[in-house]
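Structure data follow from input-v1.cif (mmCIF, C-alpha atoms and all ligand atoms):
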data_entry
loop_
_atom_site.group_PDB
_atom_site.id
_atom_site.type_symbol
_atom_site.label_atom_id
_atom_site.label_comp_id
_atom_site.auth_asym_id
_atom_site.auth_seq_id
_atom_site.Cartn_x
_atom_site.Cartn_y
_atom_site.Cartn_z
ATOM 1 C CA MET A 1 -22.757 -3.198 6.963
ATOM 2 C CA HIS A 2 -19.810 -1.577 8.702
ATOM 3 C CA ALA A 3 -16.660 -3.489 7.953
ATOM 4 C CA PRO A 4 -13.604 -2.333 9.949
ATOM 5 C CA LEU A 5 -10.662 -0.871 8.038
ATOM 6 C CA PRO A 6 -7.025 -1.968 8.414
ATOM 7 C CA ASP A 7 -5.118 0.013 11.065
ATOM 8 C CA GLY A 8 -4.315 3.588 10.071
ATOM 9 C CA GLY A 9 -6.632 3.462 7.058
ATOM 10 C CA LEU A 10 -9.089 6.168 6.147
ATOM 11 C CA VAL A 11 -11.801 6.172 3.482
ATOM 12 C CA ARG A 12 -13.031 9.429 1.998
ATOM 13 C CA LYS A 13 -14.045 10.920 -1.322
ATOM 14 C CA LEU A 14 -11.213 12.240 -3.456
ATOM 15 C CA TRP A 15 -11.027 16.007 -3.421
ATOM 16 C CA VAL A 16 -10.718 18.265 -6.468
ATOM 17 C CA GLY A 17 -7.065 18.263 -7.522
ATOM 18 C CA GLU A 18 -6.350 14.707 -6.370
ATOM 19 C CA THR A 19 -6.366 13.168 -9.830
ATOM 20 C CA ASP A 20 -2.564 12.828 -9.634
ATOM 21 C CA ALA A 21 -2.908 10.687 -6.519
ATOM 22 C CA TYR A 22 -5.466 8.570 -8.381
ATOM 23 C CA ARG A 23 -3.078 8.224 -11.341
ATOM 24 C CA ASP A 24 -0.191 7.198 -9.088
ATOM 25 C CA HIS A 25 -2.340 4.623 -7.309
ATOM 26 C CA LEU A 26 -3.539 3.072 -10.570
ATOM 27 C CA LEU A 27 0.018 2.973 -11.925
ATOM 28 C CA ARG A 28 1.201 1.218 -8.741
ATOM 29 C CA LEU A 29 -1.240 -1.682 -9.209
ATOM 30 C CA ASP A 30 0.527 -4.964 -9.886
ATOM 31 C CA HIS A 31 0.048 -6.593 -13.288
ATOM 32 C CA ASP A 32 -2.862 -8.877 -12.292
ATOM 33 C CA SER A 33 -4.734 -6.191 -10.338
ATOM 34 C CA ARG A 34 -4.438 -3.744 -13.222
ATOM 35 C CA HIS A 35 -5.703 -6.438 -15.583
ATOM 36 C CA THR A 36 -8.758 -7.226 -13.441
ATOM 37 C CA ARG A 37 -9.429 -3.530 -12.695
ATOM 38 C CA PHE A 38 -9.588 -2.633 -16.375
ATOM 39 C CA SER A 39 -10.933 -6.013 -17.571
ATOM 40 C CA GLY A 40 -7.907 -6.506 -19.787
ATOM 41 C CA ALA A 41 -4.414 -5.285 -20.570
ATOM 42 C CA VAL A 42 -4.094 -1.499 -20.720
ATOM 43 C CA SER A 43 -1.056 0.710 -21.263
ATOM 44 C CA ASN A 44 0.240 3.324 -18.824
ATOM 45 C CA GLU A 45 -1.071 6.015 -21.194
ATOM 46 C CA VAL A 46 -4.606 4.642 -20.970
ATOM 47 C CA VAL A 47 -4.339 4.520 -17.172
ATOM 48 C CA VAL A 48 -3.089 8.118 -17.044
ATOM 49 C CA ARG A 49 -5.898 9.323 -19.330
ATOM 50 C CA HIS A 50 -8.462 7.444 -17.267
ATOM 51 C CA ALA A 51 -7.249 8.936 -13.972
ATOM 52 C CA ALA A 52 -7.421 12.450 -15.428
ATOM 53 C CA THR A 53 -11.215 12.089 -15.792
ATOM 54 C CA ALA A 54 -11.739 11.464 -12.060
ATOM 55 C CA GLY A 55 -12.754 15.093 -11.535
ATOM 56 C CA ASP A 56 -15.353 15.076 -14.310
ATOM 57 C CA ILE A 57 -19.012 15.752 -13.602
ATOM 58 C CA GLY A 58 -20.822 12.511 -12.826
ATOM 59 C CA VAL A 59 -17.719 10.818 -11.393
ATOM 60 C CA VAL A 60 -17.327 10.095 -7.676
ATOM 61 C CA VAL A 61 -14.186 8.360 -6.438
ATOM 62 C CA HIS A 62 -13.873 7.104 -2.884
ATOM 63 C CA GLY A 63 -10.305 6.552 -1.781
ATOM 64 C CA PHE A 64 -8.654 4.399 0.879
ATOM 65 C CA PHE A 65 -5.653 6.256 2.308
ATOM 66 C CA VAL A 66 -2.834 4.962 4.482
ATOM 67 C CA ASP A 67 -0.430 7.581 5.858
ATOM 68 C CA GLY A 68 -1.803 10.028 3.317
ATOM 69 C CA ILE A 69 -1.138 7.746 0.343
ATOM 70 C CA LEU A 70 -4.005 6.512 -1.805
ATOM 71 C CA ARG A 71 -3.961 2.711 -1.727
ATOM 72 C CA GLY A 72 -7.435 1.794 -2.937
ATOM 73 C CA THR A 73 -10.362 3.321 -4.805
ATOM 74 C CA GLY A 74 -14.010 2.769 -5.660
ATOM 75 C CA GLU A 75 -15.021 4.695 -8.760
ATOM 76 C CA LEU A 76 -18.617 5.536 -9.642
ATOM 77 C CA ARG A 77 -19.332 6.932 -13.078
ATOM 78 C CA ARG A 78 -22.722 7.975 -14.390
ATOM 79 C CA VAL A 79 -23.411 6.593 -17.829
ATOM 80 C CA GLY A 80 -25.389 8.679 -20.326
ATOM 81 C CA SER A 81 -27.446 11.726 -19.378
ATOM 82 C CA MET A 82 -28.116 13.045 -15.870
ATOM 83 C CA PHE A 83 -31.460 11.247 -15.973
ATOM 84 C CA SER A 84 -30.365 7.895 -17.358
ATOM 85 C CA GLY A 85 -30.273 6.218 -13.928
ATOM 86 C CA GLU A 86 -27.347 4.108 -15.047
ATOM 87 C CA GLY A 87 -23.828 3.984 -13.745
ATOM 88 C CA GLU A 88 -20.633 1.990 -13.736
ATOM 89 C CA ALA A 89 -18.474 1.081 -10.763
ATOM 90 C CA ALA A 90 -14.912 -0.178 -10.606
ATOM 91 C CA PHE A 91 -12.620 -0.983 -7.695
ATOM 92 C CA SER A 92 -8.880 -1.204 -7.240
ATOM 93 C CA ILE A 93 -6.870 -2.000 -4.150
ATOM 94 C CA GLU A 94 -3.105 -2.315 -4.088
ATOM 95 C CA LYS A 95 -2.005 -5.873 -3.370
ATOM 96 C CA PRO A 96 -0.789 -5.547 0.255
ATOM 97 C CA TRP A 97 -4.189 -4.134 1.248
ATOM 98 C CA GLN A 98 -6.339 -6.681 -0.607
ATOM 99 C CA SER A 99 -8.487 -9.111 1.400
ATOM 100 C CA HIS A 100 -8.544 -6.830 4.444
ATOM 101 C CA GLY A 101 -12.111 -5.604 4.035
ATOM 102 C CA VAL A 102 -11.212 -2.408 2.153
ATOM 103 C CA GLY A 103 -13.160 -3.419 -0.965
ATOM 104 C CA THR A 104 -16.214 -4.039 1.198
ATOM 105 C CA VAL A 105 -16.104 -0.519 2.651
ATOM 106 C CA LEU A 106 -15.500 1.071 -0.751
ATOM 107 C CA LEU A 107 -18.396 -0.857 -2.272
ATOM 108 C CA GLU A 108 -20.737 0.203 0.540
ATOM 109 C CA ARG A 109 -19.787 3.869 0.062
ATOM 110 C CA THR A 110 -20.098 3.592 -3.717
ATOM 111 C CA LEU A 111 -23.541 2.024 -3.471
ATOM 112 C CA LEU A 112 -24.725 4.784 -1.136
ATOM 113 C CA SER A 113 -23.433 7.459 -3.536
ATOM 114 C CA ALA A 114 -25.093 5.702 -6.482
ATOM 115 C CA ARG A 115 -28.380 5.482 -4.643
ATOM 116 C CA ASN A 116 -28.256 9.163 -3.662
ATOM 117 C CA ARG A 117 -27.617 10.170 -7.269
ATOM 118 C CA GLY A 118 -30.624 8.308 -8.568
ATOM 119 C CA ILE A 119 -28.511 5.606 -10.190
ATOM 120 C CA ARG A 120 -30.686 2.515 -10.120
ATOM 121 C CA SER A 121 -28.709 0.244 -12.322
ATOM 122 C CA LEU A 122 -25.039 -0.081 -11.575
ATOM 123 C CA HIS A 123 -22.805 -2.102 -13.843
ATOM 124 C CA MET A 124 -19.647 -3.602 -12.469
ATOM 125 C CA HIS A 125 -17.258 -4.782 -15.106
ATOM 126 C CA CYS A 126 -15.897 -7.904 -13.612
ATOM 127 C CA LEU A 127 -14.016 -10.710 -15.316
ATOM 128 C CA ALA A 128 -15.862 -14.013 -15.004
ATOM 129 C CA ASP A 129 -12.994 -15.566 -13.012
ATOM 130 C CA ASN A 130 -12.718 -12.701 -10.500
ATOM 131 C CA ARG A 131 -13.952 -14.696 -7.490
ATOM 132 C CA ARG A 132 -13.056 -12.060 -4.934
ATOM 133 C CA MET A 133 -15.058 -9.326 -6.639
ATOM 134 C CA GLN A 134 -17.984 -11.690 -7.071
ATOM 135 C CA GLN A 135 -17.858 -12.664 -3.418
ATOM 136 C CA LEU A 136 -17.687 -8.998 -2.486
ATOM 137 C CA ALA A 137 -20.680 -8.096 -4.642
ATOM 138 C CA ARG A 138 -22.717 -10.990 -3.253
ATOM 139 C CA LYS A 139 -22.268 -10.037 0.350
ATOM 140 C CA VAL A 140 -23.509 -6.434 0.105
ATOM 141 C CA ASP A 141 -27.044 -5.751 1.122
ATOM 142 C CA ALA A 142 -28.491 -4.646 -2.220
ATOM 143 C CA GLY A 143 -30.719 -6.157 -4.869
ATOM 144 C CA LEU A 144 -28.159 -8.018 -6.898
ATOM 145 C CA SER A 145 -28.577 -9.460 -10.323
ATOM 146 C CA PHE A 146 -25.225 -10.777 -11.442
ATOM 147 C CA ASP A 147 -24.538 -12.812 -14.501
ATOM 148 C CA PHE A 148 -20.994 -14.001 -14.119
ATOM 149 C CA GLY A 149 -21.212 -16.003 -17.322
ATOM 150 C CA SER A 150 -20.714 -12.628 -18.991
ATOM 151 C CA VAL A 151 -18.324 -9.925 -17.866
ATOM 152 C CA VAL A 152 -20.914 -7.494 -16.536
ATOM 153 C CA GLY A 153 -22.671 -7.588 -13.193
ATOM 154 C CA GLU A 154 -25.549 -5.359 -12.279
ATOM 155 C CA VAL A 155 -26.619 -4.001 -8.915
ATOM 156 C CA ASP A 156 -29.903 -2.244 -8.313
ATOM 157 C CA PRO A 157 -29.554 -0.067 -5.239
ATOM 158 C CA PRO A 158 -32.875 1.036 -3.741
ATOM 159 C CA ARG A 159 -34.095 4.653 -4.161
ATOM 160 C CA TYR A 160 -32.583 7.441 -2.100
ATOM 161 C CA THR A 161 -34.363 8.705 0.996
ATOM 162 C CA PRO A 162 -33.739 11.734 3.250
ATOM 163 C CA LEU A 163 -31.952 9.306 5.567
ATOM 164 C CA SER A 164 -29.632 7.966 2.872
ATOM 165 C CA LEU A 165 -28.786 11.539 1.814
ATOM 166 C CA LEU A 166 -28.072 12.402 5.449
ATOM 167 C CA ARG A 167 -25.897 9.306 5.839
ATOM 168 C CA GLU A 168 -23.698 10.346 2.913
ATOM 169 C CA ALA A 169 -23.455 13.947 4.171
ATOM 170 C CA LEU A 170 -22.542 12.803 7.684
ATOM 171 C CA THR A 171 -19.993 10.314 6.363
ATOM 172 C CA ASP A 172 -18.400 13.043 4.217
ATOM 173 C CA GLY A 173 -18.273 15.410 7.201
ATOM 174 C CA HIS A 174 -16.755 12.762 9.439
ATOM 175 C CA SER A 175 -14.214 11.788 6.761
ATOM 176 C CA PHE A 176 -13.229 15.429 6.308
ATOM 177 C CA VAL A 177 -12.524 15.841 10.016
ATOM 178 C CA SER A 178 -10.615 12.522 10.158
ATOM 179 C CA ALA A 179 -8.538 13.539 7.124
ATOM 180 C CA ALA A 180 -7.703 16.893 8.725
ATOM 181 C CA PHE A 181 -6.556 15.137 11.927
ATOM 182 C CA ASP A 182 -4.597 12.651 9.843
ATOM 183 C CA VAL A 183 -2.708 15.429 8.025
ATOM 184 C CA GLN A 184 -2.078 17.215 11.320
ATOM 185 C CA SER A 185 -0.721 14.127 13.065
ATOM 186 C CA ARG A 186 1.581 13.319 10.130
ATOM 187 C CA LEU A 187 2.891 16.902 10.143
ATOM 188 C CA PHE A 188 3.419 16.611 13.895
ATOM 189 C CA LYS A 189 5.333 13.315 13.506
ATOM 190 C CA ALA A 190 7.517 14.810 10.748
ATOM 191 C CA ALA A 191 8.410 17.883 12.815
HETATM 192 C C1 LIG B 201 -11.579 -7.145 -5.975
HETATM 193 C C2 LIG B 201 -11.185 -6.178 -4.856
HETATM 194 C C3 LIG B 201 -11.746 -4.803 -5.146
HETATM 195 C C4 LIG B 201 -11.798 -6.721 -3.550
HETATM 196 O O1 LIG B 201 -11.398 -5.886 -2.491
HETATM 197 P P1 LIG B 201 -10.770 -6.529 -1.179
HETATM 198 O O2 LIG B 201 -10.479 -5.428 -0.225
HETATM 199 O O3 LIG B 201 -9.611 -7.375 -1.585
HETATM 200 O O4 LIG B 201 -11.971 -7.424 -0.689
HETATM 201 P P2 LIG B 201 -12.484 -7.692 0.787
HETATM 202 O O5 LIG B 201 -11.310 -7.896 1.706
HETATM 203 O O6 LIG B 201 -13.441 -6.616 1.169
HETATM 204 O O7 LIG B 201 -13.167 -9.091 0.608
HETATM 205 C C5 LIG B 201 -14.279 -9.307 -0.217
HETATM 206 C C6 LIG B 201 -14.705 -10.749 -0.087
HETATM 207 O O8 LIG B 201 -13.892 -11.570 -0.943
HETATM 208 C C7 LIG B 201 -13.422 -12.695 -0.213
HETATM 209 N N1 LIG B 201 -12.121 -13.044 -0.733
HETATM 210 C C8 LIG B 201 -10.930 -12.523 -0.392
HETATM 211 N N2 LIG B 201 -9.967 -13.091 -1.119
HETATM 212 C C9 LIG B 201 -10.564 -13.979 -1.935
HETATM 213 C C10 LIG B 201 -10.116 -14.875 -2.950
HETATM 214 N N3 LIG B 201 -8.815 -14.955 -3.284
HETATM 215 N N4 LIG B 201 -11.035 -15.636 -3.605
HETATM 216 C C11 LIG B 201 -12.342 -15.552 -3.313
HETATM 217 N N5 LIG B 201 -12.839 -14.715 -2.366
HETATM 218 C C12 LIG B 201 -11.954 -13.951 -1.685
HETATM 219 C C13 LIG B 201 -13.345 -12.227 1.193
HETATM 220 O O9 LIG B 201 -13.398 -13.379 2.053
HETATM 221 C C14 LIG B 201 -14.546 -11.329 1.308
HETATM 222 O O10 LIG B 201 -15.710 -12.052 1.574
HETATM 223 P P3 LIG B 201 -16.192 -12.288 3.093
HETATM 224 O O11 LIG B 201 -16.158 -10.967 3.791
HETATM 225 O O12 LIG B 201 -17.550 -12.865 2.901
HETATM 226 O O13 LIG B 201 -15.207 -13.217 3.698
HETATM 227 C C15 LIG B 201 -9.624 -6.093 -4.683
HETATM 228 O O14 LIG B 201 -9.126 -7.356 -4.325
HETATM 229 C C16 LIG B 201 -8.901 -5.589 -5.933
HETATM 230 O O15 LIG B 201 -8.693 -4.402 -6.097
HETATM 231 N N6 LIG B 201 -8.510 -6.494 -6.848
HETATM 232 C C17 LIG B 201 -7.827 -6.092 -8.074
HETATM 233 C C18 LIG B 201 -8.709 -5.254 -9.017
HETATM 234 C C19 LIG B 201 -10.073 -5.872 -9.228
HETATM 235 O O16 LIG B 201 -10.249 -7.081 -9.343
HETATM 236 N N7 LIG B 201 -11.099 -5.011 -9.299
HETATM 237 C C20 LIG B 201 -12.472 -5.459 -9.480
HETATM 238 C C21 LIG B 201 -12.939 -5.276 -10.866
HETATM 239 S S1 LIG B 201 -13.570 -3.655 -11.098
#
Output the file's structure in the form of structure tokens.
Amino acid sequence: MHAPLPDGGLVRKLWVGETDAYRDHLLRLDHDSRHTRFSGAVSNEVVVRHAATAGDIGVVVHGFFVDGILRGTGELRRVGSMFSGEGEAAFSIEKPWQSHGVGTVLLERTLLSARNRGIRSLHMHCLADNRRMQQLARKVDAGLSFDFGSVVGEVDPPRYTPLSLLREALTDGHSFVSAAFDVQSRLFKAA
């Protein structure tokens, strides 16, 4: 499960203080993508309030960056107490980067994070006619139990293991180094 990313793209967790980048990305979504992301029509104010919670405890957002700009996200949110074992996931990719495998990478990372946080039941709010999201959810290697007649899908990632914890730590470390090089090379180009 290692889908390649579009050229120049980088996936990493959002850092503390990047809620503004998350807000700007969500506000840039075209009308249809915003509608499917939030399972309905939502105002700019709702989007802004939602983005501001990205740094809350129990929320992990993976971002897809191109030239330092956030163009896609996979959001994992624990539901209920620390021990509930339940979470929600939602994905958003700006139109020009859709259907290039970005959603696949973000879903893989989100599933690994869910698994490592003991989340065993992951709800994905997905409109019944969202074929792309359904196709994406079907192809990942996880126990899937989707009911697309309703608007909620459910994924049961297997339990975490020392190896899965290591995989997330290594991925974070690698992403950090890549992001640092990315910033450096953009500074170099600008100079
Ligand atoms: C849904 C979304 C997250 C998927 O991400 P993506 O990067 O576009 O998806 P991928 O490129 O990884 O492709 C996922 C699968 O969908 C398939 N697909 C692409 N476009 C499709 C379409 N129009 N109809 C059906 N399937 C489609 C791809 O072929 C791929 O399957 P494959 O690898 O077996 O061929 C993204 O399109 C998006 O942000 N849409 C708007 C918001 C949204 O719908 N969010 C989901 C609800 S939370």
Practice item. Please give me, as JSON, numbers by chain, the residues lying within 9 Å of ligand LIG 201 (chain B) when counting all atoms listed in the file. Key: {"A": [3, 29, 30, 32, 33, 34, 35, 36, 37, 38, 39, 72, 73, 74, 75, 89, 90, 91, 92, 93, 94, 95, 97, 98, 99, 100, 101, 102, 103, 104, 105, 106, 107, 124, 125, 126, 127, 130, 131, 132, 133, 134, 135, 136, 137, 138, 139]}
Practice item. Quick one: everything within 9 Å of region 162-166 of chain A, counting all atoms listed in the file, minus sequence neighbours fewer than 5 positions away in the same chain. Send it as a ChimeraX atom specification. Key: /A:112-113,115-116,171
List every residue of region 108-142 of chain A that has an atom at most 12 Å from any atom of region 43-65 of chain A, giving for each one its closest atom pair and the distance in Å to one decimal, counting all atoms listed in the file, sorted by chain and then by ascending residue number, as a tab-separated table.
residue	atom	partner	partner_atom	distance
A:Glu108	CA	A:His62	CA	10.3
A:Arg109	CA	A:His62	CA	7.4
A:Thr110	CA	A:His62	CA	7.2
A:Leu111	CA	A:His62	CA	10.9
A:Leu112	CA	A:Val60	CA	11.2
A:Ser113	CA	A:Val60	CA	7.8
A:Ala114	CA	A:Val60	CA	9.0
A:Asn116	CA	A:Val60	CA	11.7
A:Arg117	CA	A:Gly58	CA	9.1
A:Gly118	CA	A:Gly58	CA	11.5
A:Ile119	CA	A:Gly58	CA	10.7
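Of the listed residues (A:Asp67, A:His31, A:Asp7, A:Ala21), A:Asp67 comes nearest to Gln184 (chain A); the distances count only C-alpha atoms.
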Sorted per-residue table, region 10-30 of chain A near region 173-181 of chain A, closest atoms and distance, 9 Å, all atoms listed in the file, as JSON lines:
{"residue": "A:Leu10", "atom": "CA", "partner": "A:Ala179", "partner_atom": "CA", "distance": 7.5}
{"residue": "A:Val11", "atom": "CA", "partner": "A:Ser175", "partner_atom": "CA", "distance": 6.9}
{"residue": "A:Arg12", "atom": "CA", "partner": "A:Ser175", "partner_atom": "CA", "distance": 5.4}
{"residue": "A:Lys13", "atom": "CA", "partner": "A:Ser175", "partner_atom": "CA", "distance": 8.1}
Point to revise | One-decimal distance in Å that lies between CA of Arg120 (chain A) and CA of Glu86 (chain A) | key: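 Separating CA of Glu86 (chain A) from CA of Arg120 (chain A) is a distance of 6.2 Å.
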Check your understanding: CA of Thr161 (chain A) and CA of Glu18 (chain A) are how many Å apart?
Key ->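 Going from CA of Thr161 (chain A) over to CA of Glu18 (chain A), I get 29.6 Å.
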**Study point:** Separation of CA of His25 (chain A) from CA of Gly68 (chain A), in Å and rounded to one decimal
**Key:**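 CA of His25 (chain A) sits 11.9 Å away from CA of Gly68 (chain A).
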As JSON, please: the centre and edge lengths in Å, to one decimal, of an axis-aligned box enclosing every listed atom of region 54-64 of chain A with 4 Å added on each side.
{"center_x": -14.7, "center_y": 10.1, "center_z": -6.7, "size_x": 20.2, "size_y": 19.4, "size_z": 23.2}
Exercise for review: Select, from A:Ser121, A:Val66, A:Gly40, A:Arg28, the residue with the minimum atom-to-atom distance to Leu5 (chain A), counting only C-alpha atoms.
Suggested key: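 Of A:Ser121, A:Val66, A:Gly40, A:Arg28, the one nearest Leu5 (chain A), counting only C-alpha atoms, is A:Val66.
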